[in-house]
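**Q** Here it is: the structure, laid out below.
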Amino acid sequence: MSFQINGKVALVTGGAGGIGRCIVEALLENGIKGVVIADINEEQGTKVVSELSQKFNPTQILYQKTDVTVVESFEDAFKAAIQQFQHIDILFNNAGIVNENEWEKCVQVNLIGVINGMILATEKYLKDQKLGEEAVIVNTSSIASVTPELLIPTYNATKSAINAITRTYAESYYYNSTKIKVVAICPGVTETSIVNLAGVVRPGPDDSAERTLDGYPLQSPKFLADQVMKVVEKAPTGTIWIIEDTKPAYQYIYNDRKMSQYKV
Ligand SMILES: NC(=O)C1=CN([C@@H]2O[C@H](COP(=O)(O)OP(=O)(O)OC[C@H]3O[C@@H](n4cnc5c(N)ncnc54)[C@H](O)[C@@H]3O)[C@@H](O)[C@H]2O)C=CC1
Ligand SMILES: CCCCCC(=O)/C=C/C=C\C/C=C\C/C=C\CCCC(=O)O
């Protein structure tokens, strides 16, 4: 059974940034009734609303200043969605940062922020305030969740944890009472401000080499967002989707540990 974006209401954390903003725009192009941009950056959030209002009906787009690391602030974004649009059907847990120098902050935003969203959505808002039979949560993970990237160990760890939480909340134990499909997307390197490495990575053991992302295939956030719409509509719950190098989304399959034959 496929999920219909048309007529639904979505909340996008980090919706004022590169990937989040493109997800907001793709949702509007796919007939969303209303979308809340829940982002800590008020200046950018207001700017995005005014730019999108040139192309779409302004009453469909709401900016709510939100810090996902603060549960009350995150909850206010859900309340704003209900007040403005009467229901809430899709949560994009998308806000994320890279900062290996202030690694606690990276854990706060990438992991605690996503946990806050999962609890608010599965225990209250998406569970009780959805329009149709099913709601959807899309967690933004990364290819770094399954292939550890050098120089960003804390970031890699937060993204692996996102896959774990996605798979847990997809279990029928939760789904049977929430009717929320939970999936994760794992983008490859995508052209946004996050890929600026200056000041956010720690020097590795060999700190003489210049660290750049040269050689990594770069995709556009617009391409990524269009793939994400397909994932929202078609992906089964608990699935993890790699989207990299401007190629169609494909499912990442975890092995059953009991199939592993290696012995010490
Ligand atoms: N750009 C890339 O190459 C890749 C990005 N990702 C993930 O995609 C997501 C979006 O990142 P990008 O759009 O690339 O970065 P970005 O830096 O362009 O956007 C991130 C947005 O999150 C917001 N934000 C940061 N802290 C927040 C907080 N505490 N509460 C609410 N909003 C907050 C920022 O204000 C910004 O608008 C992140 O989770 C990132 O880890 C995953 C794989 C690749
Ligand atoms: C700044 C990283 C942005 C995070 C994007 C993401 O989620 C996945 C990225 C995947 C690969 C590249 C990321 C980081 C690599 C860091 C430095 C490159 C060092 C290259 C080298 O010198 O070996």
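Ligands are numbered from 1 in the order shown, chains are lettered A, B, ... in the order of the structure tokens, and residues start at 1 in each chain.
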Using only C-alpha atoms and all ligand atoms, determine which residues fall within 10 Å of ligand 2, then list them as a PyMOL selection string.
**A** chain A and resi 96-100+140-145+147-153+155-156+159+186-198+200-204+206-218+244
**Q** With a cut-off of 10 Å, could you pull out the residues of range 7-56 of chain A touching range 82-86 of chain A and give me the nearest pair of atoms for each, distance in Å to one decimal, using only C-alpha atoms, ordered by chain and ascending number, as a Markdown table?
**A**
```
| residue | atom | partner | partner_atom | distance |
| --- | --- | --- | --- | --- |
| A:Lys8 | CA | A:Phe85 | CA | 9.2 |
| A:Val9 | CA | A:Phe85 | CA | 7.0 |
| A:Ala10 | CA | A:Phe85 | CA | 9.6 |
| A:Lys33 | CA | A:Phe85 | CA | 7.8 |
| A:Gly34 | CA | A:Phe85 | CA | 6.3 |
| A:Val35 | CA | A:Phe85 | CA | 8.6 |
| A:Val36 | CA | A:Gln84 | CA | 9.3 |
```
**Q** Write the selection just made, keeping N, CA, C and O atoms, as a compact mmCIF listing (two decimals), in the first residue's frame?
**A**
```
# COMPACT_ATOMS: atom_id res chain seq x y z
N LYS A 8 -1.67 16.00 2.81
CA LYS A 8 -1.15 15.75 4.16
C LYS A 8 -0.41 16.97 4.70
O LYS A 8 -0.22 17.97 4.00
N VAL A 9 0.02 16.87 5.97
CA VAL A 9 0.76 17.96 6.62
C VAL A 9 2.10 17.39 7.11
O VAL A 9 2.15 16.29 7.68
N ALA A 10 3.18 18.16 6.88
CA ALA A 10 4.52 17.69 7.24
C ALA A 10 5.25 18.71 8.11
O ALA A 10 5.00 19.92 8.03
N LYS A 33 -0.60 19.67 1.92
CA LYS A 33 -1.56 20.72 2.32
C LYS A 33 -0.85 21.82 3.11
O LYS A 33 -1.14 23.01 2.95
N GLY A 34 0.07 21.41 3.99
CA GLY A 34 0.79 22.39 4.79
C GLY A 34 2.12 21.83 5.24
O GLY A 34 2.26 20.63 5.43
N VAL A 35 3.11 22.74 5.41
CA VAL A 35 4.42 22.28 5.86
C VAL A 35 4.99 23.26 6.88
O VAL A 35 4.91 24.47 6.70
N VAL A 36 5.52 22.70 7.96
CA VAL A 36 6.17 23.52 8.99
C VAL A 36 7.67 23.37 8.85
O VAL A 36 8.21 22.26 8.90
```
**Q** Could you find all residues in range 29-60 of chain A that DSSP calls helix (DSSP H, G or I) from the backbone, and write them as a ChimeraX atom specification?
**A** /A:29,42-52,58-60
**Q** Per DSSP on the backbone, filter range 16-188 of chain A down to the residues in strand (DSSP E) and report them as an MDAnalysis selection string.
**A** chainID A and resid 34:39 61:65 90:93 135:140 180:187
**Q** Which is closer to ligand 1 than all the others in A:Val68, A:Ile243, A:Ala184, A:Val49, using only C-alpha atoms and all ligand atoms?
**A**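 Of the candidates, the smallest distance to ligand 1 is held by A:Val68.
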**Q** So, counting only C-alpha atoms, which residue among A:Cys22, A:Val183, A:Ala16, A:Val107 is closest to Val138 in chain A?
**A**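 Comparing A:Cys22, A:Val183, A:Ala16, A:Val107 against Val138 in chain A, the winner is A:Val183.
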**Q** Identify which of the residues A:Lys222, A:Lys181, A:Lys124, A:His87 lies closest to ligand 1, counting only C-alpha atoms and all ligand atoms when measuring atom-to-atom distances.
**A**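 Closest candidate: A:Lys222.
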**Q** Give me the residues within 12 Å of Asn57 in chain A as a list in words, counting only C-alpha atoms and dropping any in the same chain fewer than 4 places off.
**A** Glu25, Leu28, Glu29, Gly31, Ile32, Lys33, Gly34, Val35, Val49, Ser50, Glu51, Leu52, Ser53, Ile61 and Leu62 of chain A
**Q** Interatomic distance between atom 40 (C, counted along the ligand's line) of ligand 1 and CA of Ile19 in chain A?
**A** 8.0 Å
**Q** Using only C-alpha atoms, which protein or nucleic acid residues come within 9 Å of Gly117 in chain A? Drop anything in the same chain fewer than 2 positions from it, and give the result as a PDB file with N, CA, C and O atoms, in the first residue's frame.
**A**
```pdb
ATOM      1  N   VAL A  68      15.815  21.466  18.030  1.00  0.00           N
ATOM      2  CA  VAL A  68      15.411  20.057  18.214  1.00  0.00           C
ATOM      3  C   VAL A  68      16.014  19.427  19.464  1.00  0.00           C
ATOM      4  O   VAL A  68      15.548  18.391  19.934  1.00  0.00           O
ATOM      5  N   VAL A  71      13.272  19.704  24.093  1.00  0.00           N
ATOM      6  CA  VAL A  71      12.017  19.006  23.812  1.00  0.00           C
ATOM      7  C   VAL A  71      10.813  19.952  23.765  1.00  0.00           C
ATOM      8  O   VAL A  71       9.925  19.809  22.910  1.00  0.00           O
ATOM      9  N   PHE A  74      10.786  21.685  20.434  1.00  0.00           N
ATOM     10  CA  PHE A  74      10.376  20.750  19.380  1.00  0.00           C
ATOM     11  C   PHE A  74       8.856  20.527  19.462  1.00  0.00           C
ATOM     12  O   PHE A  74       8.153  20.541  18.445  1.00  0.00           O
ATOM     13  N   GLU A  75       8.357  20.379  20.684  1.00  0.00           N
ATOM     14  CA  GLU A  75       6.911  20.147  20.847  1.00  0.00           C
ATOM     15  C   GLU A  75       6.106  21.351  20.345  1.00  0.00           C
ATOM     16  O   GLU A  75       5.034  21.182  19.752  1.00  0.00           O
ATOM     17  N   LEU A  91       6.771  13.408   9.633  1.00  0.00           N
ATOM     18  CA  LEU A  91       7.877  14.094  10.317  1.00  0.00           C
ATOM     19  C   LEU A  91       9.176  13.768   9.590  1.00  0.00           C
ATOM     20  O   LEU A  91       9.497  12.580   9.406  1.00  0.00           O
ATOM     21  N   PHE A  92       9.904  14.799   9.198  1.00  0.00           N
ATOM     22  CA  PHE A  92      11.258  14.622   8.678  1.00  0.00           C
ATOM     23  C   PHE A  92      12.224  15.038   9.784  1.00  0.00           C
ATOM     24  O   PHE A  92      12.357  16.231  10.079  1.00  0.00           O
ATOM     25  N   ASN A  93      12.850  14.057  10.434  1.00  0.00           N
ATOM     26  CA  ASN A  93      13.901  14.325  11.420  1.00  0.00           C
ATOM     27  C   ASN A  93      15.168  14.556  10.617  1.00  0.00           C
ATOM     28  O   ASN A  93      15.959  13.634  10.395  1.00  0.00           O
ATOM     29  N   ILE A 112      20.186  13.237  20.006  1.00  0.00           N
ATOM     30  CA  ILE A 112      19.145  13.614  20.980  1.00  0.00           C
ATOM     31  C   ILE A 112      17.980  14.286  20.239  1.00  0.00           C
ATOM     32  O   ILE A 112      16.816  14.044  20.550  1.00  0.00           O
ATOM     33  N   GLY A 113      18.300  15.110  19.246  1.00  0.00           N
ATOM     34  CA  GLY A 113      17.247  15.787  18.467  1.00  0.00           C
ATOM     35  C   GLY A 113      16.325  14.786  17.783  1.00  0.00           C
ATOM     36  O   GLY A 113      15.100  14.946  17.784  1.00  0.00           O
ATOM     37  N   VAL A 114      16.916  13.738  17.216  1.00  0.00           N
ATOM     38  CA  VAL A 114      16.099  12.715  16.538  1.00  0.00           C
ATOM     39  C   VAL A 114      15.293  11.909  17.566  1.00  0.00           C
ATOM     40  O   VAL A 114      14.104  11.617  17.348  1.00  0.00           O
ATOM     41  N   ILE A 115      15.899  11.595  18.700  1.00  0.00           N
ATOM     42  CA  ILE A 115      15.154  10.858  19.739  1.00  0.00           C
ATOM     43  C   ILE A 115      13.974  11.701  20.225  1.00  0.00           C
ATOM     44  O   ILE A 115      12.851  11.186  20.380  1.00  0.00           O
ATOM     45  N   ILE A 119      10.064  10.335  19.968  1.00  0.00           N
ATOM     46  CA  ILE A 119       9.173  10.185  21.125  1.00  0.00           C
ATOM     47  C   ILE A 119       7.927  11.059  20.960  1.00  0.00           C
ATOM     48  O   ILE A 119       6.795  10.593  21.163  1.00  0.00           O
ATOM     49  N   LEU A 120       8.128  12.318  20.565  1.00  0.00           N
ATOM     50  CA  LEU A 120       6.963  13.209  20.388  1.00  0.00           C
ATOM     51  C   LEU A 120       6.010  12.652  19.328  1.00  0.00           C
ATOM     52  O   LEU A 120       4.787  12.689  19.488  1.00  0.00           O
ATOM     53  N   ALA A 121       6.584  12.129  18.243  1.00  0.00           N
ATOM     54  CA  ALA A 121       5.742  11.649  17.134  1.00  0.00           C
ATOM     55  C   ALA A 121       5.045  10.329  17.471  1.00  0.00           C
ATOM     56  O   ALA A 121       3.845  10.171  17.201  1.00  0.00           O
ATOM     57  N   THR A 122       5.791   9.379  18.044  1.00  0.00           N
ATOM     58  CA  THR A 122       5.209   8.033  18.220  1.00  0.00           C
ATOM     59  C   THR A 122       4.325   7.924  19.463  1.00  0.00           C
ATOM     60  O   THR A 122       3.455   7.062  19.527  1.00  0.00           O
TER      61      THR A 122
END
```
**Q** Report, in Å with one decimal, the straight-line distance from CA of Glu42 in chain A to CA of Ser73 in chain A.
**A** 13.4 Å
**Q** Which polymer residues have any atom within 7 Å of an atom of Ile40 in chain A, counting only C-alpha atoms, with same-chain residues fewer than 5 positions away left out, as an MDAnalysis selection string?
**A** chainID A and resid 65:67
**Q** Those selected residues, please, written with N, CA, C and O atoms and delivered as a PDB file, in the first residue's frame.
**A**
```pdb
ATOM      1  N   LYS A  65      10.451  28.783  14.738  1.00  0.00           N
ATOM      2  CA  LYS A  65      11.822  28.690  15.284  1.00  0.00           C
ATOM      3  C   LYS A  65      11.886  27.508  16.255  1.00  0.00           C
ATOM      4  O   LYS A  65      11.096  27.436  17.207  1.00  0.00           O
ATOM      5  N   THR A  66      12.791  26.580  15.987  1.00  0.00           N
ATOM      6  CA  THR A  66      12.830  25.321  16.735  1.00  0.00           C
ATOM      7  C   THR A  66      14.264  24.892  16.999  1.00  0.00           C
ATOM      8  O   THR A  66      15.094  24.896  16.083  1.00  0.00           O
ATOM      9  N   ASP A  67      14.514  24.505  18.238  1.00  0.00           N
ATOM     10  CA  ASP A  67      15.775  23.835  18.555  1.00  0.00           C
ATOM     11  C   ASP A  67      15.423  22.387  18.888  1.00  0.00           C
ATOM     12  O   ASP A  67      14.825  22.108  19.930  1.00  0.00           O
TER      13      ASP A  67
END
```
**Q** Have a look at A:Asn6, A:Gln129, A:Gln261, A:Thr158 and name the one nearest to Leu111 in chain A; count only C-alpha atoms.
**A**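 Closest to Leu111 in chain A of all the choices is A:Thr158.
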**Q** Using only C-alpha atoms, pick whichever of A:Phe3, A:Phe78, A:Phe56, A:Phe223 has the shortest atom-to-atom distance to Lys247 in chain A.
**A**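 Closest to Lys247 in chain A of all the choices is A:Phe223.
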**Q** Which residues are near Arg167 in chain A? Cut-off 12 Å, only C-alpha atoms, ignore same chain within fewer than 6 positions. Put them as a compact mmCIF listing (two decimals) with N, CA and C atoms, in the first residue's frame.
**A**
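Dumped to result27.txt:
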```
# COMPACT_ATOMS: atom_id res chain seq x y z
N MET A 118 11.31 11.34 17.65
CA MET A 118 10.69 10.01 17.64
C MET A 118 9.68 9.87 18.77
N ILE A 137 7.47 8.71 9.35
CA ILE A 137 8.66 9.42 9.85
C ILE A 137 9.82 9.08 8.93
N VAL A 138 10.51 10.13 8.45
CA VAL A 138 11.72 9.93 7.65
C VAL A 138 12.90 10.50 8.43
N ASN A 139 13.82 9.64 8.82
CA ASN A 139 15.02 10.09 9.54
C ASN A 139 16.15 10.28 8.54
N SER A 160 24.79 6.02 12.59
CA SER A 160 24.51 4.60 12.81
C SER A 160 23.38 4.43 13.82
N ALA A 161 23.40 5.27 14.84
CA ALA A 161 22.34 5.20 15.86
C ALA A 161 20.98 5.54 15.27
N TYR A 173 5.65 -4.29 17.30
CA TYR A 173 5.33 -3.92 18.69
C TYR A 173 4.90 -2.45 18.77
N TYR A 174 5.63 -1.57 18.04
CA TYR A 174 5.27 -0.15 17.99
C TYR A 174 4.22 0.11 16.91
N TYR A 175 4.48 -0.43 15.71
CA TYR A 175 3.62 -0.09 14.56
C TYR A 175 2.15 -0.42 14.82
N LYS A 181 4.74 4.52 9.76
CA LYS A 181 5.84 3.93 8.99
C LYS A 181 7.10 4.74 9.30
N VAL A 182 8.20 4.03 9.61
CA VAL A 182 9.46 4.72 9.95
C VAL A 182 10.56 4.26 9.00
N VAL A 183 11.16 5.20 8.29
CA VAL A 183 12.23 4.85 7.35
C VAL A 183 13.41 5.82 7.54
N ALA A 184 14.57 5.43 7.01
CA ALA A 184 15.73 6.35 7.03
C ALA A 184 16.28 6.50 5.63
N PRO A 236 8.68 0.36 2.43
CA PRO A 236 8.08 -0.31 3.59
C PRO A 236 8.73 0.16 4.89
N THR A 237 7.99 0.03 5.99
CA THR A 237 8.52 0.49 7.28
C THR A 237 9.79 -0.28 7.66
N GLY A 238 10.70 0.43 8.33
CA GLY A 238 11.94 -0.18 8.81
C GLY A 238 13.05 -0.23 7.78
N THR A 239 12.81 0.31 6.58
CA THR A 239 13.83 0.21 5.53
C THR A 239 14.73 1.44 5.51
N ILE A 240 15.96 1.19 5.03
CA ILE A 240 17.03 2.20 5.03
C ILE A 240 17.43 2.40 3.57
N ILE A 253 20.56 -3.39 2.94
CA ILE A 253 20.07 -4.56 3.67
C ILE A 253 21.05 -4.94 4.78
N TYR A 254 20.55 -5.01 5.99
CA TYR A 254 21.37 -5.49 7.11
C TYR A 254 21.38 -7.02 7.12
```
**Q** Nearest residue to ligand 1 out of A:Gly18, A:Pro58, A:Pro248, A:Pro221, using only C-alpha atoms and all ligand atoms?
**A** A:Gly18
